[in-house]
file run-v3.txt (compact mmCIF, C-alpha atoms)
# COMPACT_ATOMS: atom_id res chain seq x y z
CA MET A 15 85.93 93.63 39.30
CA ASN A 16 85.39 96.68 41.49
CA GLN A 17 85.78 100.22 40.20
CA LEU A 18 87.99 102.31 42.49
CA GLU A 19 89.40 105.84 42.25
CA LEU A 20 89.60 107.94 39.12
CA LEU A 21 93.08 107.81 37.57
CA TYR A 22 92.60 110.08 34.55
CA GLU A 23 89.91 112.16 32.87
CA GLY A 24 90.13 113.34 29.28
CA ARG A 25 87.72 115.08 26.95
CA SER A 26 85.73 111.93 26.15
CA LYS A 27 86.76 109.22 28.64
CA GLN A 28 87.54 108.52 32.28
CA ILE A 29 89.94 105.80 33.46
CA TYR A 30 89.42 104.16 36.84
CA LYS A 31 91.64 101.95 38.95
CA THR A 32 90.30 98.51 39.84
CA ASP A 33 91.15 95.97 42.54
CA SER A 34 93.35 94.20 39.96
CA ASP A 35 96.77 95.68 39.22
CA ASP A 36 96.57 94.72 35.54
CA ARG A 37 93.05 95.98 34.78
CA VAL A 38 91.39 99.39 34.51
CA ILE A 39 87.85 100.44 33.71
CA VAL A 40 87.40 102.97 30.90
CA ARG A 41 84.18 105.00 31.02
CA PHE A 42 82.95 106.83 27.92
CA LYS A 43 81.47 110.29 28.46
CA ASP A 44 78.64 112.11 26.66
CA ASP A 45 81.04 114.98 25.88
CA ILE A 46 82.08 115.67 22.30
CA SER A 47 84.74 118.14 21.19
CA ALA A 48 86.61 119.29 18.11
CA PHE A 49 89.43 121.63 17.12
CA TYR A 50 91.42 120.93 20.29
CA ASN A 51 88.45 121.45 22.58
CA ILE A 52 87.50 124.83 21.11
CA LYS A 53 84.13 123.44 20.06
CA ARG A 54 82.40 121.42 22.76
CA ALA A 55 79.00 119.93 23.50
CA ILE A 56 77.28 117.18 25.45
CA ILE A 57 75.18 114.71 23.48
CA GLU A 58 72.80 112.52 25.44
CA ASN A 59 73.72 108.82 25.36
CA LYS A 60 76.86 109.42 23.30
CA GLY A 61 79.00 107.68 25.93
CA ARG A 62 76.86 104.57 25.74
CA LEU A 63 76.89 104.60 21.94
CA THR A 64 80.65 105.07 21.53
CA CYS A 65 81.27 102.40 24.15
CA ASP A 66 78.84 100.07 22.37
CA ILE A 67 80.43 100.60 18.95
CA SER A 68 84.01 100.40 20.20
CA SER A 69 83.30 97.28 22.25
CA MET A 70 81.82 95.51 19.23
CA ILE A 71 84.76 96.48 17.01
CA LEU A 72 87.47 95.62 19.54
CA GLY A 73 85.78 92.32 20.35
CA TYR A 74 85.69 91.58 16.62
CA LEU A 75 89.39 92.42 16.27
CA ASN A 76 90.23 90.23 19.29
CA SER A 77 88.43 87.35 17.58
CA LYS A 78 90.59 87.90 14.49
CA GLY A 79 93.81 87.60 16.47
CA ILE A 80 94.58 91.32 16.84
CA SER A 81 95.99 92.01 20.30
CA THR A 82 94.01 94.81 21.97
CA HIS A 83 93.61 96.17 25.49
CA PHE A 84 89.87 95.37 25.48
CA VAL A 85 88.69 92.60 27.82
CA GLU A 86 84.93 93.00 28.17
CA ARG A 87 82.04 95.43 28.40
CA VAL A 88 81.24 96.84 31.85
CA GLY A 89 77.74 98.28 32.16
CA ASP A 90 76.31 100.74 29.64
CA ASP A 91 79.30 103.02 29.19
CA GLY A 92 82.37 101.11 30.37
CA GLN A 93 85.05 98.68 29.25
CA LEU A 94 87.34 96.52 31.32
CA CYS A 95 90.79 96.91 29.75
CA ARG A 96 94.32 95.64 30.24
CA VAL A 97 96.82 98.03 31.78
CA VAL A 98 99.37 99.08 29.17
CA ASP A 99 102.17 101.60 28.88
CA HIS A 100 100.81 103.99 26.25
CA VAL A 101 103.07 105.07 23.40
CA PRO A 102 102.50 108.81 22.72
CA VAL A 103 102.25 108.31 18.98
CA GLU A 104 99.04 108.28 16.93
CA VAL A 105 98.73 106.30 13.71
CA ILE A 106 96.29 107.66 11.14
CA VAL A 107 95.31 105.13 8.47
CA ARG A 108 93.88 106.70 5.32
CA ASN A 109 92.00 104.83 2.59
CA VAL A 110 90.36 107.93 1.09
CA VAL A 111 91.62 111.52 1.01
CA ALA A 112 89.68 113.61 3.53
CA GLY A 113 89.99 115.95 6.47
CA SER A 114 93.39 117.36 7.38
CA MET A 115 95.19 115.51 4.57
CA ALA A 116 92.98 117.11 1.92
CA LYS A 117 93.49 120.55 3.47
CA ARG A 118 97.23 120.14 4.01
CA LEU A 119 97.97 118.91 0.47
CA GLY A 120 95.34 120.92 -1.40
CA LEU A 121 93.45 117.82 -2.55
CA ASP A 122 89.76 117.22 -3.06
CA GLU A 123 88.06 115.03 -0.51
CA GLY A 124 86.98 111.65 -1.85
CA ILE A 125 90.08 110.81 -3.91
CA VAL A 126 90.93 107.13 -3.48
CA PRO A 127 94.72 106.66 -3.65
CA GLU A 128 96.23 103.46 -5.01
CA ASN A 129 98.03 102.89 -1.70
CA THR A 130 96.96 102.96 1.92
CA ILE A 131 98.50 105.98 3.65
CA PHE A 132 99.91 105.81 7.17
CA ASP A 133 100.57 109.07 9.05
CA LEU A 134 102.35 109.32 12.40
CA CYS A 135 101.56 112.11 14.84
CA LEU A 136 103.22 112.95 18.13
CA ARG A 137 100.57 113.08 20.85
CA ARG A 138 101.30 116.59 22.09
CA SER A 139 98.22 118.78 22.06
CA ASP A 140 100.32 121.79 23.10
CA LEU A 141 102.20 121.38 19.79
CA GLY A 142 99.10 120.59 17.74
CA ASP A 143 99.87 116.84 17.52
CA PRO A 144 102.50 117.38 14.78
CA LEU A 145 103.22 114.91 12.00
CA ILE A 146 106.46 113.01 12.58
CA ASN A 147 108.30 110.26 10.70
CA ASP A 148 109.84 106.98 11.82
CA HIS A 149 113.24 108.54 12.43
CA HIS A 150 111.72 111.20 14.67
CA ALA A 151 109.94 108.50 16.70
CA VAL A 152 113.20 106.60 17.18
CA ALA A 153 115.23 109.75 17.93
CA LEU A 154 112.69 110.76 20.59
CA GLY A 155 113.00 107.32 22.19
CA LEU A 156 109.32 106.52 21.64
CA LEU A 157 109.65 103.37 19.52
CA SER A 158 112.33 101.19 17.96
CA TYR A 159 112.43 100.52 14.23
CA GLU A 160 111.34 96.95 14.98
CA GLU A 161 108.35 98.21 16.96
CA LEU A 162 107.46 100.65 14.18
CA ALA A 163 107.44 97.78 11.67
CA LYS A 164 105.16 95.79 13.97
CA MET A 165 102.91 98.81 14.51
CA TYR A 166 102.49 99.32 10.76
CA GLU A 167 101.82 95.60 10.29
CA MET A 168 99.14 95.66 12.98
CA SER A 169 97.63 98.88 11.60
CA ALA A 170 97.38 97.34 8.13
CA SER A 171 95.67 94.23 9.53
CA ILE A 172 93.27 96.35 11.60
CA ASN A 173 92.45 98.35 8.48
CA ASN A 174 91.76 95.21 6.46
CA TYR A 175 89.40 93.85 9.10
CA LEU A 176 87.63 97.20 9.56
CA VAL A 177 87.14 97.66 5.82
CA GLU A 178 85.74 94.13 5.55
CA LEU A 179 83.39 94.62 8.51
CA PHE A 180 82.07 98.01 7.44
CA GLU A 181 81.74 97.00 3.79
CA SER A 182 79.30 94.34 5.00
CA VAL A 183 77.07 97.07 6.49
CA GLY A 184 77.31 99.52 3.59
CA ILE A 185 79.89 101.90 5.05
CA THR A 186 83.23 103.06 3.66
CA VAL A 187 86.10 103.36 6.13
CA VAL A 188 87.65 106.62 4.94
CA ASP A 189 90.27 106.89 7.68
CA PHE A 190 90.80 106.24 11.37
CA LYS A 191 93.29 107.04 14.11
CA ILE A 192 94.63 104.65 16.72
CA GLU A 193 97.17 104.48 19.50
CA PHE A 194 99.20 101.57 20.82
CA GLY A 195 100.65 100.54 24.16
CA ARG A 196 103.12 98.03 25.52
CA ALA A 197 101.70 95.12 27.48
CA ALA A 198 103.46 93.66 30.52
CA ASP A 199 105.54 91.39 28.27
CA GLY A 200 106.63 94.35 26.13
CA SER A 201 104.49 93.45 23.12
CA LEU A 202 102.51 96.12 21.29
CA VAL A 203 98.74 96.10 21.63
CA LEU A 204 96.00 98.31 20.21
CA ALA A 205 95.11 100.54 23.16
CA ASP A 206 92.43 102.89 21.87
CA GLU A 207 88.76 103.11 21.00
CA LEU A 208 87.41 102.64 17.50
CA SER A 209 84.16 104.53 17.01
CA PRO A 210 82.70 107.37 14.92
CA ASP A 211 84.68 109.67 17.23
CA THR A 212 87.96 108.28 15.85
CA CYS A 213 86.96 106.89 12.44
CA ARG A 214 85.76 108.79 9.38
CA LEU A 215 82.85 106.76 7.95
CA TRP A 216 80.79 107.45 4.81
CA ASP A 217 77.59 105.69 3.78
CA LYS A 218 78.38 103.80 0.58
CA ALA A 219 75.01 104.47 -1.05
CA THR A 220 74.51 108.15 -0.20
CA GLY A 221 77.96 109.44 0.79
CA GLU A 222 76.44 110.71 4.03
CA ARG A 223 78.97 111.26 6.81
CA MET A 224 78.43 108.89 9.73
CA ASP A 225 81.07 110.13 12.16
CA LYS A 226 82.20 113.11 14.25
CA ASP A 227 82.36 115.28 11.13
CA ARG A 228 78.64 115.72 11.68
CA PHE A 229 79.58 117.67 14.82
CA ARG A 230 82.68 119.36 13.36
CA ARG A 231 80.74 120.62 10.34
CA ASP A 232 77.40 121.36 12.02
CA LEU A 233 75.56 118.72 10.00
CA GLY A 234 73.25 117.73 12.87
CA ARG A 235 71.85 114.31 13.80
CA VAL A 236 75.03 113.24 15.59
CA ARG A 237 73.37 110.91 18.11
CA GLU A 238 70.99 109.48 15.52
CA THR A 239 73.86 108.73 13.15
CA TYR A 240 75.90 107.02 15.88
CA GLU A 241 72.80 104.98 16.72
CA GLU A 242 72.55 103.87 13.09
CA VAL A 243 76.21 102.82 13.00
CA ALA A 244 75.72 100.82 16.22
CA GLU A 245 72.60 99.13 14.87
CA ARG A 246 74.25 98.14 11.60
CA LEU A 247 77.22 96.64 13.42
CA ARG A 248 74.99 94.86 15.90
CA ASN A 249 73.07 93.19 13.08
CA ALA A 250 76.29 92.22 11.28
CA LEU A 251 77.91 90.71 14.37
CA LYS A 252 74.92 88.77 15.72
call {"tool": "encode", "arguments": {"input": "run-v3.txt", "output": "structure tokens"}}
result
Amino acid sequence: MNQLELLYEGRSKQIYKTDSDDRVIVRFKDDISAFYNIKRAIIENKGRLTCDISSMILGYLNSKGISTHFVERVGDDGQLCRVVDHVPVEVIVRNVVAGSMAKRLGLDEGIVPENTIFDLCLRRSDLGDPLINDHHAVALGLLSYEELAKMYEMSASINNYLVELFESVGITVVDFKIEFGRAADGSLVLADELSPDTCRLWDKATGERMDKDRFRRDLGRVRETYEEVAERLRNALK
């Protein structure tokens, strides 16, 4: 599969056309950002590490019957992915109260609710990616109620598999955010990365943060922590 011209470049990834109409190559960059790109840095080898972690997780989910856009790893920092029509809605799955939810609702971080919480956000950075509900998504023509039900079902299954996987390596999945797309047949597929950039992960023994909060909160050791997450997953999935 040959990599052709650049189709899109975001803060952390580049998407390239290939010589197949139904495949693209996604390249992960060393850039890291927070607070809508106000805080930015470049961390050596971060692209390789996030690609490594996301490839392992998406491959694991594929093996469990979750439909994703991931096909295979391409080099150190790339993934061959299916072409999908992205839905501009982000699903945030929360197992533990943290981050924006704690701030928004005046709650202490670390509270474990009895239920799993699903937030929907409209992917509009110019509006601050606002929270929306199912009725908003339907009114905006983004999803049908049937698709929303399927999206929640898939998100719950993804959460169950992630919790199981990370429990096996001593990590709590606090929360994570994902996006979906429509495949050529109209079915919904997971069309996003899963890495410490998009998941909030806490070490079960120490409570240490093992995700992008290390960058957001100036905790240091970002690359080293990502390396540890990758190594734990690699050992678990051998």
call {"tool": "atom_distance", "arguments": {"input": "run-v3.txt", "atom1": "CA of Ile106 (chain A)", "atom2": "CA of Ala205 (chain A)"}}
result
14.0 Å
call {"tool": "residues_around", "arguments": {"input": "run-v3.txt", "residues": "region 57-73 of chain A", "least_positions_apart": "3", "cutoff": "7 Å", "atoms": "only C-alpha atoms", "output": "ChimeraX atom specification"}}
result
/A:42-45,76-77,84,87,90-92,207-209,237,240-241,244
call {"tool": "residues_around", "arguments": {"input": "run-v3.txt", "residues": "region 164-178 of chain A", "least_positions_apart": "3", "cutoff": "6 Å", "atoms": "only C-alpha atoms", "output": "list in words"}}
result
Glu161, Glu181 and Val187 of chain A
call {"tool": "closest_atom_pairs", "arguments": {"input": "run-v3.txt", "of": "region 50-99 of chain A", "to": "region 193-202 of chain A", "cutoff": "10 Å", "atoms": "only C-alpha atoms", "output": "CSV"}}
result
residue,atom,partner,partner_atom,distance
A:Ser81,CA,A:Leu202,CA,7.8
A:Thr82,CA,A:Phe194,CA,8.6
A:His83,CA,A:Gly195,CA,8.4
A:Arg96,CA,A:Ala197,CA,7.9
A:Val97,CA,A:Ala197,CA,7.1
A:Val98,CA,A:Ala197,CA,4.9
A:Asp99,CA,A:Arg196,CA,5.0
call {"tool": "axis_aligned_box", "arguments": {"input": "run-v3.txt", "around": "region 185-192 of chain A", "padding_each_side": "4 Å", "output": "lines of an AutoDock Vina configuration file"}}
result
center_x = 87.3
center_y = 104.5
center_z = 10.2
size_x = 22.7
size_y = 13.1
size_z = 21.1
call {"tool": "residues_around", "arguments": {"input": "run-v3.txt", "residues": "Val236 (chain A)", "least_positions_apart": "6", "cutoff": "9 Å", "atoms": "all atoms listed in the file", "output": "PyMOL selection string"}}
result
chain A and resi 57+60+224-229
call {"tool": "closest_residue", "arguments": {"input": "run-v3.txt", "among": "A:Gln28, A:Ala219, A:Phe190, A:Tyr50", "to": "Gly142 (chain A)", "atoms": "all atoms listed in the file"}}
result
A:Tyr50
call {"tool": "atom_distance", "arguments": {"input": "run-v3.txt", "atom1": "CA of Gly89 (chain A)", "atom2": "CA of Arg41 (chain A)"}}
result
9.4 Å
call {"tool": "closest_residue", "arguments": {"input": "run-v3.txt", "among": "A:Ile146, A:Leu162, A:Cys213, A:Ile39", "to": "Val107 (chain A)", "atoms": "all atoms listed in the file"}}
result
A:Cys213
call {"tool": "decode", "arguments": {"input": "run-v3.txt", "residues": "region 18-32 of chain A", "atoms": "all heavy atoms", "output": "short mmCIF file (atom, residue, chain, number, x, y, z; two decimals), in the first residue's frame"}}
result
data_model
loop_
_atom_site.label_atom_id
_atom_site.label_comp_id
_atom_site.auth_asym_id
_atom_site.auth_seq_id
_atom_site.Cartn_x
_atom_site.Cartn_y
_atom_site.Cartn_z
N LEU A 18 0.33 8.30 -0.42
CA LEU A 18 0.30 9.36 -1.42
C LEU A 18 0.19 10.72 -0.72
O LEU A 18 0.80 10.92 0.32
CB LEU A 18 -0.85 9.12 -2.40
CG LEU A 18 -0.80 7.76 -3.12
CD1 LEU A 18 -2.01 7.58 -4.03
CD2 LEU A 18 0.49 7.59 -3.91
N GLU A 19 -0.62 11.63 -1.25
CA GLU A 19 -0.61 13.00 -0.73
C GLU A 19 -1.31 13.12 0.62
O GLU A 19 -2.18 12.32 0.97
CB GLU A 19 -1.25 13.97 -1.73
CG GLU A 19 -2.75 13.80 -1.91
CD GLU A 19 -3.10 12.93 -3.10
OE1 GLU A 19 -2.27 12.09 -3.48
OE2 GLU A 19 -4.21 13.09 -3.63
N LEU A 20 -0.93 14.16 1.34
CA LEU A 20 -1.52 14.46 2.63
C LEU A 20 -2.95 14.97 2.42
O LEU A 20 -3.18 15.89 1.66
CB LEU A 20 -0.67 15.52 3.34
CG LEU A 20 -1.16 16.00 4.72
CD1 LEU A 20 -1.04 14.88 5.75
CD2 LEU A 20 -0.35 17.21 5.17
N LEU A 21 -3.90 14.34 3.14
CA LEU A 21 -5.29 14.76 3.05
C LEU A 21 -5.68 15.70 4.18
O LEU A 21 -6.51 16.59 4.00
CB LEU A 21 -6.20 13.52 3.11
CG LEU A 21 -6.11 12.54 1.95
CD1 LEU A 21 -6.96 11.30 2.24
CD2 LEU A 21 -6.54 13.19 0.64
N TYR A 22 -5.09 15.49 5.35
CA TYR A 22 -5.50 16.27 6.54
C TYR A 22 -4.37 16.23 7.55
O TYR A 22 -3.69 15.22 7.71
CB TYR A 22 -6.77 15.66 7.15
CG TYR A 22 -7.11 16.19 8.52
CD1 TYR A 22 -7.77 17.40 8.69
CD2 TYR A 22 -6.76 15.48 9.67
CE1 TYR A 22 -8.08 17.89 9.95
CE2 TYR A 22 -7.06 15.96 10.94
CZ TYR A 22 -7.71 17.17 11.07
OH TYR A 22 -8.01 17.66 12.32
N GLU A 23 -4.19 17.35 8.26
CA GLU A 23 -3.24 17.38 9.37
C GLU A 23 -3.88 18.06 10.56
O GLU A 23 -4.37 19.18 10.47
CB GLU A 23 -1.95 18.11 8.99
CG GLU A 23 -0.94 18.11 10.13
CD GLU A 23 0.47 18.46 9.69
OE1 GLU A 23 0.64 18.86 8.51
OE2 GLU A 23 1.39 18.33 10.52
N GLY A 24 -3.92 17.34 11.68
CA GLY A 24 -4.44 17.88 12.92
C GLY A 24 -3.33 18.11 13.91
O GLY A 24 -2.14 18.11 13.57
N ARG A 25 -3.70 18.31 15.17
CA ARG A 25 -2.70 18.61 16.20
C ARG A 25 -1.80 17.41 16.49
O ARG A 25 -0.64 17.59 16.86
CB ARG A 25 -3.38 19.08 17.47
CG ARG A 25 -4.05 20.44 17.33
CD ARG A 25 -4.49 21.00 18.66
NE ARG A 25 -5.62 20.30 19.22
CZ ARG A 25 -6.88 20.68 19.07
NH1 ARG A 25 -7.17 21.74 18.34
NH2 ARG A 25 -7.86 20.01 19.63
N SER A 26 -2.33 16.18 16.34
CA SER A 26 -1.53 15.02 16.73
C SER A 26 -1.40 13.95 15.64
O SER A 26 -0.67 12.99 15.82
CB SER A 26 -2.14 14.37 17.98
OG SER A 26 -3.46 13.90 17.72
N LYS A 27 -2.10 14.13 14.51
CA LYS A 27 -2.06 13.11 13.46
C LYS A 27 -2.10 13.73 12.08
O LYS A 27 -2.58 14.84 11.89
CB LYS A 27 -3.24 12.14 13.62
CG LYS A 27 -3.15 11.23 14.84
CD LYS A 27 -4.23 10.16 14.84
CE LYS A 27 -5.58 10.71 15.20
NZ LYS A 27 -5.65 11.14 16.60
N GLN A 28 -1.61 12.96 11.12
CA GLN A 28 -1.71 13.29 9.70
C GLN A 28 -2.42 12.13 9.00
O GLN A 28 -2.19 10.97 9.35
CB GLN A 28 -0.34 13.49 9.07
CG GLN A 28 0.48 14.63 9.65
CD GLN A 28 1.92 14.60 9.17
OE1 GLN A 28 2.52 13.54 9.09
NE2 GLN A 28 2.46 15.76 8.87
N ILE A 29 -3.25 12.44 8.01
CA ILE A 29 -3.95 11.40 7.26
C ILE A 29 -3.55 11.52 5.80
O ILE A 29 -3.64 12.60 5.20
CB ILE A 29 -5.48 11.52 7.41
CG1 ILE A 29 -5.87 11.39 8.89
CG2 ILE A 29 -6.18 10.45 6.58
CD1 ILE A 29 -7.35 11.57 9.15
N TYR A 30 -3.10 10.39 5.24
CA TYR A 30 -2.60 10.36 3.87
C TYR A 30 -3.48 9.48 2.99
O TYR A 30 -3.96 8.42 3.42
CB TYR A 30 -1.17 9.81 3.83
CG TYR A 30 -0.13 10.74 4.40
CD1 TYR A 30 0.17 10.71 5.76
CD2 TYR A 30 0.55 11.64 3.58
CE1 TYR A 30 1.13 11.56 6.29
CE2 TYR A 30 1.52 12.49 4.11
CZ TYR A 30 1.81 12.44 5.46
OH TYR A 30 2.75 13.29 5.98
N LYS A 31 -3.66 9.91 1.77
CA LYS A 31 -4.31 9.10 0.75
C LYS A 31 -3.41 7.93 0.39
O LYS A 31 -2.18 8.01 0.53
CB LYS A 31 -4.56 9.97 -0.49
CG LYS A 31 -5.31 9.31 -1.63
CD LYS A 31 -5.49 10.29 -2.78
CE LYS A 31 -6.12 9.64 -3.99
NZ LYS A 31 -7.50 9.17 -3.70
N THR A 32 -4.01 6.83 -0.04
CA THR A 32 -3.24 5.69 -0.54
C THR A 32 -3.70 5.37 -1.96
O THR A 32 -4.61 6.02 -2.50
CB THR A 32 -3.41 4.44 0.34
OG1 THR A 32 -4.73 3.90 0.15
CG2 THR A 32 -3.18 4.77 1.81
#
